[in-house]
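Enquirer: Below you'll find the structure I mean.
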Amino acid sequence: VVPFNNPRPPTPVEGPYPLFFAGRTDATTNAIYVQNETAVGPVRVLLGARYDDSYLLNEFFGSEDKEEGQLSPRAGLTITPVPEVSLYASAARSFVPQAFPLLEGGVSAALTGTGYEAGAKFSLLGGRLAPTIAVFEITRANVAQVSPDDPTFSLYIQIGESRSRGIEIDAPLAITPRWRAVATYAYLDAEITEDTTLEPGTPLLNTPDHNAGLWTSFDVPGALDGLTLGAGVLYIGERSATTTGSLLIPAYTRFDASASYTVDTAVGAVRAQLS
């Protein structure tokens with residue numbers, strides 16, 4: 001039995017590293033970016049680029065200095081054929097430094113990616129209903145996940161390449177000036193597409209195929225002006241907890257409620273909330 005107030009197992013867990021370890025990671029990132037947006041009639045074009053230079057000093061399991069950098073361009077196009085409808089598309093590369101300790105030793109390389117998105121935004125019912133629908137695809141390299149071969153769940157492996165594609169729908173509605181609601185839905189297909197260890201088609205960890213939500217809030221009038229009551233429901237679909245798919249986290253539905261009160265003071269609005 002492992003004591004609750006001293007949760008150190010009496011027998012060390014065998015593995016490439018000890019169960020408990022200490023170290024330090026210092027990371028410094030410098031970046032410069034440029035961006036320009038041009039509008040011609042109903043068309044808007046955005047072009048930009050960012051360069052990141054990252055320096056990492058790692059003191060986990062020895063010392064390692066690492067410097068990485070990348071130029072990340074981006075582009076976007078928006079067309080507004082009528083005031084109530086906007087169509088858009090965008091493409092961008094990304095660069096995110098990481099410092100996860102790897103099972104094989106050292107620390108993880110930077111997370112890089114390429115993303116594409118297209119969608120439509122609407123303004124209906126005099127602006128009271130503003131739904132958005134978007135489709136997207138994101139390809140990422142060097143995704144860090146907890147290693148299935150590490151019994152301490154402290155060390156990571158890096159995936160060669162993964163792809164996430166799906167659809168998102170958001171529909172906020174102002175039912176009255178005081179009563180609001182928003183409904184959301186997302187479908188996500190996320191899997192490994194290229195790796196030296198894991199099979200292509202392996203699902204990414206903790207990525208449900210479906211999730212949906214509904215939230216509504218109401219500003220109470222009269223003597224209780226300043227009080228806002230809210231309630232909602234959230235659904236999260238089944239997802240994998242291991243890279244082998246041997247452990248699945250079941251789908252669940254969560255119900256939430258909140259109450260907040262806002263008062264104006266000499267220094268501005270002060271809000272207290274209970275959820």
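Residues in the structure tokens are named by chain (A, B, ... in the order shown) and by number from 1 within that chain; ligands are numbered from 1 in the order shown.
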Stretch 108-117 of chain A: which residues within 9 Å, counting only C-alpha atoms, same-chain residues fewer than 3 positions away excluded, as a PyMOL selection string?
Expert: chain A and resi 54+66+68-70+88-102+134-144+156-158
Enquirer: List every residue of stretch 56-170 of chain A that DSSP, applied to the backbone of this structure, assigns to strand (DSSP E), and report them as a PyMOL selection string.
Expert: chain A and resi 56-58+64-82+85-96+111-122+132-146+156-170
Enquirer: Find the residues near A:Asp170: any atom within 9 Å, counting only C-alpha atoms, skip ones fewer than 3 places away on the same chain, and give them as a PDB file with N, CA and C atoms, in the first residue's frame.
Expert:
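Written output follows (result10.pdb):
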```pdb
ATOM      1  N   ALA A 130     -25.499  34.782 -35.400  1.00  0.00           N
ATOM      2  CA  ALA A 130     -24.233  34.939 -36.123  1.00  0.00           C
ATOM      3  C   ALA A 130     -23.493  33.603 -36.226  1.00  0.00           C
ATOM      4  N   PRO A 131     -24.026  32.656 -37.005  1.00  0.00           N
ATOM      5  CA  PRO A 131     -23.380  31.350 -37.111  1.00  0.00           C
ATOM      6  C   PRO A 131     -22.095  31.399 -37.938  1.00  0.00           C
ATOM      7  N   THR A 132     -21.192  30.479 -37.611  1.00  0.00           N
ATOM      8  CA  THR A 132     -19.943  30.307 -38.349  1.00  0.00           C
ATOM      9  C   THR A 132     -19.739  28.827 -38.610  1.00  0.00           C
ATOM     10  N   ILE A 133     -19.343  28.485 -39.840  1.00  0.00           N
ATOM     11  CA  ILE A 133     -19.002  27.113 -40.175  1.00  0.00           C
ATOM     12  C   ILE A 133     -17.621  27.108 -40.820  1.00  0.00           C
ATOM     13  N   VAL A 182     -25.674  29.923 -27.131  1.00  0.00           N
ATOM     14  CA  VAL A 182     -24.703  29.546 -28.158  1.00  0.00           C
ATOM     15  C   VAL A 182     -24.654  28.026 -28.229  1.00  0.00           C
ATOM     16  N   ALA A 183     -24.709  27.508 -29.435  1.00  0.00           N
ATOM     17  CA  ALA A 183     -24.598  26.068 -29.684  1.00  0.00           C
ATOM     18  C   ALA A 183     -23.326  25.824 -30.500  1.00  0.00           C
ATOM     19  N   THR A 184     -22.598  24.754 -30.168  1.00  0.00           N
ATOM     20  CA  THR A 184     -21.353  24.434 -30.864  1.00  0.00           C
ATOM     21  C   THR A 184     -21.310  22.945 -31.188  1.00  0.00           C
ATOM     22  N   TYR A 185     -20.626  22.631 -32.264  1.00  0.00           N
ATOM     23  CA  TYR A 185     -20.378  21.233 -32.638  1.00  0.00           C
ATOM     24  C   TYR A 185     -19.058  21.155 -33.379  1.00  0.00           C
ATOM     25  N   ALA A 186     -18.305  20.075 -33.144  1.00  0.00           N
ATOM     26  CA  ALA A 186     -17.052  19.867 -33.853  1.00  0.00           C
ATOM     27  C   ALA A 186     -16.866  18.387 -34.144  1.00  0.00           C
TER      28      ALA A 186
END
```
Enquirer: Can you list, as a compact mmCIF listing (two decimals) with N, CA and C atoms, in the first residue's frame, all residues belonging to stretch 65-271 of chain A that DSSP tags as helix (DSSP H, G or I)?
Expert:
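The result, written out as result34.txt:
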```txt
# COMPACT_ATOMS: atom_id res chain seq x y z
N LEU A 125 -31.02 37.59 -38.85
CA LEU A 125 -32.01 38.12 -37.90
C LEU A 125 -31.57 39.47 -37.35
N GLY A 126 -31.10 40.32 -38.25
CA GLY A 126 -30.67 41.64 -37.82
C GLY A 126 -29.43 41.62 -36.95
N GLY A 127 -28.59 40.61 -37.13
CA GLY A 127 -27.36 40.50 -36.34
C GLY A 127 -27.52 39.70 -35.06
N GLY A 222 -34.46 44.40 -13.11
CA GLY A 222 -35.11 44.90 -11.90
C GLY A 222 -34.17 45.05 -10.73
N ALA A 223 -34.66 44.68 -9.53
CA ALA A 223 -33.89 44.87 -8.31
C ALA A 223 -32.61 44.05 -8.31
N LEU A 224 -32.55 42.97 -9.10
CA LEU A 224 -31.36 42.10 -9.16
C LEU A 224 -30.52 42.40 -10.39
```
Enquirer: Could you work out how far atom CA of A:Leu46 lies from atom CA of A:Ile79, giving the answer in Å with one decimal?
Expert: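 Computing it gives 11.8 Å between the two atoms.
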Enquirer: As a list in words, please: the residues near A:Gly232 (cut-off 10 Å, only C-alpha atoms, same-chain neighbours under 3 positions excluded).
Expert: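 My reading of the contact set: Ala181, Val182, Ala183, Gly213, Leu214, Trp215, Thr216, Ser217, Arg254, Phe255, Asp256, Ala257 and Ser258 of chain A.
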Enquirer: Extract, using only C-alpha atoms, all DNA, RNA and protein residues at most 10 Å from A:Gln35, discarding same-chain residues fewer than 5 positions from it, and format them as a list in words.
Expert: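 Residues near the query, excluding close chain neighbours: Leu46, Leu47, Gly48, Ala49, Arg50, Pro73, Arg74 and Ala75 of chain A.
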Enquirer: Please provide the set of residues having any atom within 9 Å of A:Leu188, restricted to only C-alpha atoms, with same-chain residues fewer than 6 positions apart removed, written as number ranges by chain.
Expert: A: 164-168, 207-211
Enquirer: Write out as a PyMOL selection string each polymer residue whose atoms come within 8 Å of A:Thr29, counting only C-alpha atoms; drop sequence neighbours fewer than 3 positions from it.
Expert: chain A and resi 52-55
Enquirer: Here is a test: counting only C-alpha atoms, which residue of A:Thr202, A:Ser72, A:Asn58, A:Thr38 is nearest to A:Asp26?
Expert: A:Asn58
Enquirer: From the list A:Val34, A:Leu124, A:Leu227, A:Val146, which residue is nearest A:Leu204 when using only C-alpha atoms?
Expert: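 Nearest to A:Leu204: A:Val146.
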Enquirer: For atom CA of A:Gly105 and atom CA of A:Arg239, quote the distance in Å rounded to one decimal.
Expert: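 Pair atom CA of A:Gly105 / atom CA of A:Arg239 returns 28.6 Å.
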